[in-house]
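Printed here is upload_18.pdb (PDB, C-alpha atoms, pLDDT in the B column):
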ATOM      1  CA  MET A 156      -6.460 -15.806 -19.678  1.00 49.00           C
ATOM      2  CA  GLY A 157      -7.259 -12.956 -17.367  1.00 62.00           C
ATOM      3  CA  GLN A 158      -6.025 -10.200 -15.154  1.00 87.00           C
ATOM      4  CA  MET A 159      -4.713 -12.634 -12.521  1.00 92.00           C
ATOM      5  CA  ILE A 160      -3.146 -16.049 -13.002  1.00 93.00           C
ATOM      6  CA  SER A 161      -1.533 -18.644 -10.763  1.00 92.00           C
ATOM      7  CA  ARG A 162       1.863 -20.079 -11.647  1.00 89.00           C
ATOM      8  CA  GLY A 163       3.590 -22.388  -9.214  1.00 90.00           C
ATOM      9  CA  LYS A 164       3.647 -20.675  -5.835  1.00 93.00           C
ATOM     10  CA  GLU A 165       2.983 -17.222  -7.302  1.00 94.00           C
ATOM     11  CA  LEU A 166      -0.130 -15.271  -8.121  1.00 96.00           C
ATOM     12  CA  ILE A 167       0.535 -12.813 -10.945  1.00 95.00           C
ATOM     13  CA  ARG A 168      -1.781  -9.926 -11.723  1.00 96.00           C
ATOM     14  CA  ILE A 169      -2.236  -6.669 -13.546  1.00 95.00           C
ATOM     15  CA  ASN A 170      -2.324  -3.946 -10.893  1.00 95.00           C
ATOM     16  CA  PRO A 171      -5.996  -2.915 -10.620  1.00 94.00           C
ATOM     17  CA  SER A 172      -5.223   0.785 -10.098  1.00 95.00           C
ATOM     18  CA  ASN A 173      -2.230   1.093 -12.482  1.00 95.00           C
ATOM     19  CA  LYS A 174      -2.586  -0.994 -15.647  1.00 94.00           C
ATOM     20  CA  GLN A 175       1.094  -0.388 -16.516  1.00 93.00           C
ATOM     21  CA  LYS A 176       2.265  -2.611 -13.621  1.00 94.00           C
ATOM     22  CA  ILE A 177       2.515  -6.380 -13.266  1.00 94.00           C
ATOM     23  CA  GLU A 178       2.653  -7.633  -9.677  1.00 96.00           C
ATOM     24  CA  TYR A 179       3.230 -10.985  -8.001  1.00 96.00           C
ATOM     25  CA  SER A 180       2.359 -12.454  -4.624  1.00 98.00           C
ATOM     26  CA  THR A 181       3.834 -15.422  -2.784  1.00 97.00           C
ATOM     27  CA  THR A 182       1.442 -14.893   0.149  1.00 97.00           C
ATOM     28  CA  ASP A 183      -1.822 -15.922  -1.552  1.00 96.00           C
ATOM     29  CA  GLY A 184      -2.601 -12.300  -2.409  1.00 96.00           C
ATOM     30  CA  ARG A 185      -2.117 -10.796   1.052  1.00 97.00           C
ATOM     31  CA  SER A 186       0.791  -8.649  -0.184  1.00 98.00           C
ATOM     32  CA  TRP A 187       2.001  -7.723  -3.659  1.00 98.00           C
ATOM     33  CA  SER A 188       5.402  -6.815  -5.146  1.00 97.00           C
ATOM     34  CA  THR A 189       6.089  -5.188  -8.502  1.00 96.00           C
ATOM     35  CA  ARG A 190       7.500  -7.481 -11.192  1.00 92.00           C
ATOM     36  CA  TYR A 191       7.267  -4.993 -14.079  1.00 91.00           C
ATOM     37  CA  SER A 192       6.428  -1.297 -14.293  1.00 92.00           C
ATOM     38  CA  GLY A 193       6.730   0.813 -17.411  1.00 88.00           C
ATOM     39  CA  SER A 194       4.771   3.039 -19.743  1.00 85.00           C
ATOM     40  CA  SER A 195       6.488   2.236 -23.062  1.00 86.00           C
ATOM     41  CA  CYS A 196       4.293  -0.811 -23.746  1.00 84.00           C
ATOM     42  CA  GLY A 197       0.978   0.847 -22.866  1.00 89.00           C
ATOM     43  CA  ASP A 198      -1.659  -0.528 -20.507  1.00 92.00           C
ATOM     44  CA  PHE A 199      -1.849  -4.263 -19.788  1.00 92.00           C
ATOM     45  CA  ASN A 200      -5.164  -5.800 -20.826  1.00 92.00           C
ATOM     46  CA  ASP A 201      -4.637  -9.519 -20.358  1.00 92.00           C
ATOM     47  CA  LEU A 202      -2.236 -12.211 -19.126  1.00 92.00           C
ATOM     48  CA  ASN A 203      -1.940 -15.585 -20.827  1.00 88.00           C
ATOM     49  CA  ASP A 204      -0.018 -18.615 -19.482  1.00 88.00           C
ATOM     50  CA  ASN A 205       0.654 -21.149 -22.237  1.00 85.00           C
ATOM     51  CA  GLY A 206       2.600 -23.498 -19.954  1.00 85.00           C
ATOM     52  CA  LYS A 207       6.123 -22.493 -20.979  1.00 84.00           C
ATOM     53  CA  GLU A 208       5.805 -18.720 -20.788  1.00 85.00           C
ATOM     54  CA  ILE A 209       3.510 -15.912 -19.726  1.00 86.00           C
ATOM     55  CA  LEU A 210       2.482 -13.335 -22.295  1.00 85.00           C
ATOM     56  CA  GLY A 211       1.193  -9.911 -21.333  1.00 85.00           C
ATOM     57  CA  MET A 212      -1.130  -8.323 -23.865  1.00 87.00           C
ATOM     58  CA  THR A 213      -1.007  -4.528 -23.859  1.00 88.00           C
ATOM     59  CA  SER A 214      -2.620  -1.667 -25.707  1.00 87.00           C
ATOM     60  CA  LYS A 215       0.506  -1.426 -27.912  1.00 84.00           C
ATOM     61  CA  ARG A 216       1.942  -4.974 -28.219  1.00 71.00           C
ATOM     62  CA  SER A 217       2.354  -8.318 -26.511  1.00 64.00           C
ATOM     63  CA  LEU A 218       5.303  -8.925 -24.174  1.00 64.00           C
ATOM     64  CA  LEU A 219       6.983 -12.079 -22.942  1.00 58.00           C
ATOM     65  CA  LEU A 220       6.951 -11.699 -19.161  1.00 66.00           C
ATOM     66  CA  TYR A 221       8.275 -15.087 -17.992  1.00 60.00           C
ATOM     67  CA  HIS A 222      10.083 -17.845 -19.762  1.00 52.00           C
TER      68      HIS A 222
END

If you took the structure in this file and wrote it as structure tokens, what would it be?
Amino acid sequence: MGQMISRGKELIRINPSNKQKIEYSTTDGRSWSTRYSGSSCGDFNDLNDNGKEILGMTSKRSLLLYH
């Protein structure tokens, strides 16, 4: 669990300056692209990879980000 996780060839993180964005990098963190951006779910607090899917925990609910 944490604010950045590694999955396959991607790093996935909660944007440090905008907690309503999830970003991914395929360049070992040298550049980042937005995977999700939205205010309806609140601020992201944590990411959890259970092997089959990635869950994003927010201030309002948990979201399935990858399956």

**Fill in**
Between A:Lys176, A:Arg168, A:Arg190, A:Lys215, smallest distance to A:Leu202 by only C-alpha atoms belongs to A:Arg168

**Message:** I need every residue sitting at most 9 Å from the point (3.4, 0.8, -20.3) (coordinates as in the file, only C-alpha atoms considered), written as a PyMOL selection string.
**Reply:** chain A and resi 174-176+192-199+213-215

Please write out, as AutoDock Vina command-line options, where the centre of an axis-aligned box around all listed atoms of stretch 177-196 of chain A lies and how long its edges are, in Å to one decimal, after adding 3 Å on each side.
--center_x 2.4 --center_y -6.4 --center_z -11.3 --size_x 16.1 --size_y 25.0 --size_z 30.8

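Distances from A:Met159, A:Asp204, A:Tyr191, A:Glu165 to A:Ile177 were compared using only C-alpha atoms, and the smallest one belongs to A:Tyr191.
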
Residues in the PyMOL selection byres ((chain A and resi 167) around 10), expressed as a PDB file with C-alpha atoms, in the frame of the given file:
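As written to disk, expr-v8.pdb reads:
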ATOM      1  CA  GLN A 158      -6.025 -10.200 -15.154  1.00 87.00           C
ATOM      2  CA  MET A 159      -4.713 -12.634 -12.521  1.00 92.00           C
ATOM      3  CA  ILE A 160      -3.146 -16.049 -13.002  1.00 93.00           C
ATOM      4  CA  SER A 161      -1.533 -18.644 -10.763  1.00 92.00           C
ATOM      5  CA  ARG A 162       1.863 -20.079 -11.647  1.00 89.00           C
ATOM      6  CA  LYS A 164       3.647 -20.675  -5.835  1.00 93.00           C
ATOM      7  CA  GLU A 165       2.983 -17.222  -7.302  1.00 94.00           C
ATOM      8  CA  LEU A 166      -0.130 -15.271  -8.121  1.00 96.00           C
ATOM      9  CA  ARG A 168      -1.781  -9.926 -11.723  1.00 96.00           C
ATOM     10  CA  ILE A 169      -2.236  -6.669 -13.546  1.00 95.00           C
ATOM     11  CA  ASN A 170      -2.324  -3.946 -10.893  1.00 95.00           C
ATOM     12  CA  ILE A 177       2.515  -6.380 -13.266  1.00 94.00           C
ATOM     13  CA  GLU A 178       2.653  -7.633  -9.677  1.00 96.00           C
ATOM     14  CA  TYR A 179       3.230 -10.985  -8.001  1.00 96.00           C
ATOM     15  CA  SER A 180       2.359 -12.454  -4.624  1.00 98.00           C
ATOM     16  CA  THR A 181       3.834 -15.422  -2.784  1.00 97.00           C
ATOM     17  CA  GLY A 184      -2.601 -12.300  -2.409  1.00 96.00           C
ATOM     18  CA  TRP A 187       2.001  -7.723  -3.659  1.00 98.00           C
ATOM     19  CA  SER A 188       5.402  -6.815  -5.146  1.00 97.00           C
ATOM     20  CA  THR A 189       6.089  -5.188  -8.502  1.00 96.00           C
ATOM     21  CA  ARG A 190       7.500  -7.481 -11.192  1.00 92.00           C
ATOM     22  CA  LEU A 202      -2.236 -12.211 -19.126  1.00 92.00           C
ATOM     23  CA  ILE A 209       3.510 -15.912 -19.726  1.00 86.00           C
TER      24      ILE A 209
END

Please write stretch 170-213 of chain A of the preceding block to a file containing N, CA and C atoms, as a short mmCIF file (atom, residue, chain, number, x, y, z; two decimals), in the first residue's frame?
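Result saved to out.cif:
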data_model
loop_
_atom_site.label_atom_id
_atom_site.label_comp_id
_atom_site.auth_asym_id
_atom_site.auth_seq_id
_atom_site.Cartn_x
_atom_site.Cartn_y
_atom_site.Cartn_z
N ASN A 170 -0.82 11.87 -7.65
CA ASN A 170 -0.09 13.11 -7.95
C ASN A 170 0.20 13.84 -6.63
N PRO A 171 1.46 14.18 -6.37
CA PRO A 171 1.80 14.81 -5.09
C PRO A 171 1.22 16.22 -4.91
N SER A 172 0.93 16.92 -5.98
CA SER A 172 0.41 18.28 -5.85
C SER A 172 -1.10 18.38 -6.10
N ASN A 173 -1.71 17.31 -6.63
CA ASN A 173 -3.15 17.27 -6.85
C ASN A 173 -3.66 15.88 -6.51
N LYS A 174 -4.15 15.69 -5.32
CA LYS A 174 -4.55 14.38 -4.81
C LYS A 174 -5.78 13.80 -5.52
N GLN A 175 -6.34 14.52 -6.48
CA GLN A 175 -7.48 14.01 -7.24
C GLN A 175 -7.04 13.41 -8.57
N LYS A 176 -5.73 13.22 -8.76
CA LYS A 176 -5.18 12.66 -9.99
C LYS A 176 -4.37 11.41 -9.71
N ILE A 177 -4.54 10.41 -10.57
CA ILE A 177 -3.69 9.22 -10.58
C ILE A 177 -2.86 9.30 -11.85
N GLU A 178 -1.55 9.09 -11.72
CA GLU A 178 -0.64 9.18 -12.85
C GLU A 178 0.13 7.88 -13.00
N TYR A 179 0.66 7.66 -14.22
CA TYR A 179 1.50 6.49 -14.46
C TYR A 179 2.73 6.90 -15.25
N SER A 180 3.79 6.12 -15.09
CA SER A 180 5.03 6.36 -15.81
C SER A 180 5.54 5.05 -16.37
N THR A 181 5.99 5.08 -17.61
CA THR A 181 6.65 3.92 -18.22
C THR A 181 8.13 4.23 -18.43
N THR A 182 8.59 5.33 -17.84
CA THR A 182 9.98 5.78 -17.98
C THR A 182 10.69 5.83 -16.63
N ASP A 183 10.32 4.91 -15.74
CA ASP A 183 10.92 4.86 -14.39
C ASP A 183 10.79 6.16 -13.63
N GLY A 184 9.68 6.88 -13.85
CA GLY A 184 9.41 8.09 -13.09
C GLY A 184 9.98 9.37 -13.66
N ARG A 185 10.61 9.29 -14.84
CA ARG A 185 11.16 10.51 -15.44
C ARG A 185 10.07 11.41 -16.02
N SER A 186 8.98 10.81 -16.50
CA SER A 186 7.83 11.60 -16.97
C SER A 186 6.56 10.87 -16.55
N TRP A 187 5.49 11.67 -16.37
CA TRP A 187 4.23 11.13 -15.86
C TRP A 187 3.08 11.54 -16.77
N SER A 188 2.12 10.64 -16.94
CA SER A 188 0.89 10.90 -17.70
C SER A 188 -0.30 10.65 -16.78
N THR A 189 -1.39 11.37 -17.03
CA THR A 189 -2.58 11.21 -16.21
C THR A 189 -3.36 9.97 -16.61
N ARG A 190 -3.71 9.15 -15.65
CA ARG A 190 -4.54 7.97 -15.88
C ARG A 190 -5.97 8.27 -15.44
N TYR A 191 -6.14 9.03 -14.36
CA TYR A 191 -7.46 9.40 -13.88
C TYR A 191 -7.38 10.79 -13.26
N SER A 192 -8.39 11.61 -13.53
CA SER A 192 -8.49 12.92 -12.90
C SER A 192 -9.97 13.22 -12.70
N GLY A 193 -10.35 13.54 -11.48
CA GLY A 193 -11.75 13.84 -11.22
C GLY A 193 -11.95 14.23 -9.76
N SER A 194 -12.95 15.04 -9.52
CA SER A 194 -13.19 15.51 -8.16
C SER A 194 -14.35 14.79 -7.48
N SER A 195 -15.13 14.01 -8.21
CA SER A 195 -16.33 13.40 -7.64
C SER A 195 -16.02 12.36 -6.55
N CYS A 196 -14.83 11.76 -6.60
CA CYS A 196 -14.50 10.74 -5.60
C CYS A 196 -13.73 11.30 -4.42
N GLY A 197 -13.38 12.57 -4.45
CA GLY A 197 -12.59 13.15 -3.36
C GLY A 197 -11.10 13.01 -3.62
N ASP A 198 -10.31 13.20 -2.58
CA ASP A 198 -8.86 13.10 -2.68
C ASP A 198 -8.41 11.65 -2.49
N PHE A 199 -7.44 11.21 -3.30
CA PHE A 199 -6.86 9.88 -3.12
C PHE A 199 -5.93 9.90 -1.91
N ASN A 200 -6.05 8.86 -1.09
CA ASN A 200 -5.21 8.71 0.09
C ASN A 200 -4.22 7.57 -0.03
N ASP A 201 -4.61 6.52 -0.77
CA ASP A 201 -3.81 5.31 -0.78
C ASP A 201 -4.11 4.50 -2.03
N LEU A 202 -3.11 3.73 -2.48
CA LEU A 202 -3.26 2.77 -3.57
C LEU A 202 -2.92 1.40 -3.03
N ASN A 203 -3.69 0.39 -3.44
CA ASN A 203 -3.47 -0.97 -2.97
C ASN A 203 -3.55 -1.93 -4.14
N ASP A 204 -2.49 -2.70 -4.39
CA ASP A 204 -2.45 -3.70 -5.45
C ASP A 204 -2.62 -5.07 -4.81
N ASN A 205 -3.73 -5.74 -5.09
CA ASN A 205 -3.96 -7.06 -4.50
C ASN A 205 -3.59 -8.19 -5.46
N GLY A 206 -2.92 -7.85 -6.55
CA GLY A 206 -2.50 -8.86 -7.52
C GLY A 206 -3.37 -8.93 -8.75
N LYS A 207 -4.68 -8.85 -8.58
CA LYS A 207 -5.60 -8.88 -9.72
C LYS A 207 -6.09 -7.50 -10.11
N GLU A 208 -6.11 -6.59 -9.14
CA GLU A 208 -6.65 -5.25 -9.40
C GLU A 208 -5.98 -4.23 -8.48
N ILE A 209 -6.10 -2.98 -8.86
CA ILE A 209 -5.59 -1.89 -8.03
C ILE A 209 -6.78 -1.10 -7.51
N LEU A 210 -6.81 -0.92 -6.21
CA LEU A 210 -7.86 -0.13 -5.58
C LEU A 210 -7.29 1.20 -5.14
N GLY A 211 -8.03 2.27 -5.41
CA GLY A 211 -7.67 3.59 -4.94
C GLY A 211 -8.59 3.98 -3.80
N MET A 212 -8.03 4.25 -2.65
CA MET A 212 -8.82 4.67 -1.50
C MET A 212 -8.88 6.20 -1.50
N THR A 213 -10.09 6.74 -1.39
CA THR A 213 -10.26 8.19 -1.43
C THR A 213 -10.97 8.67 -0.16
#
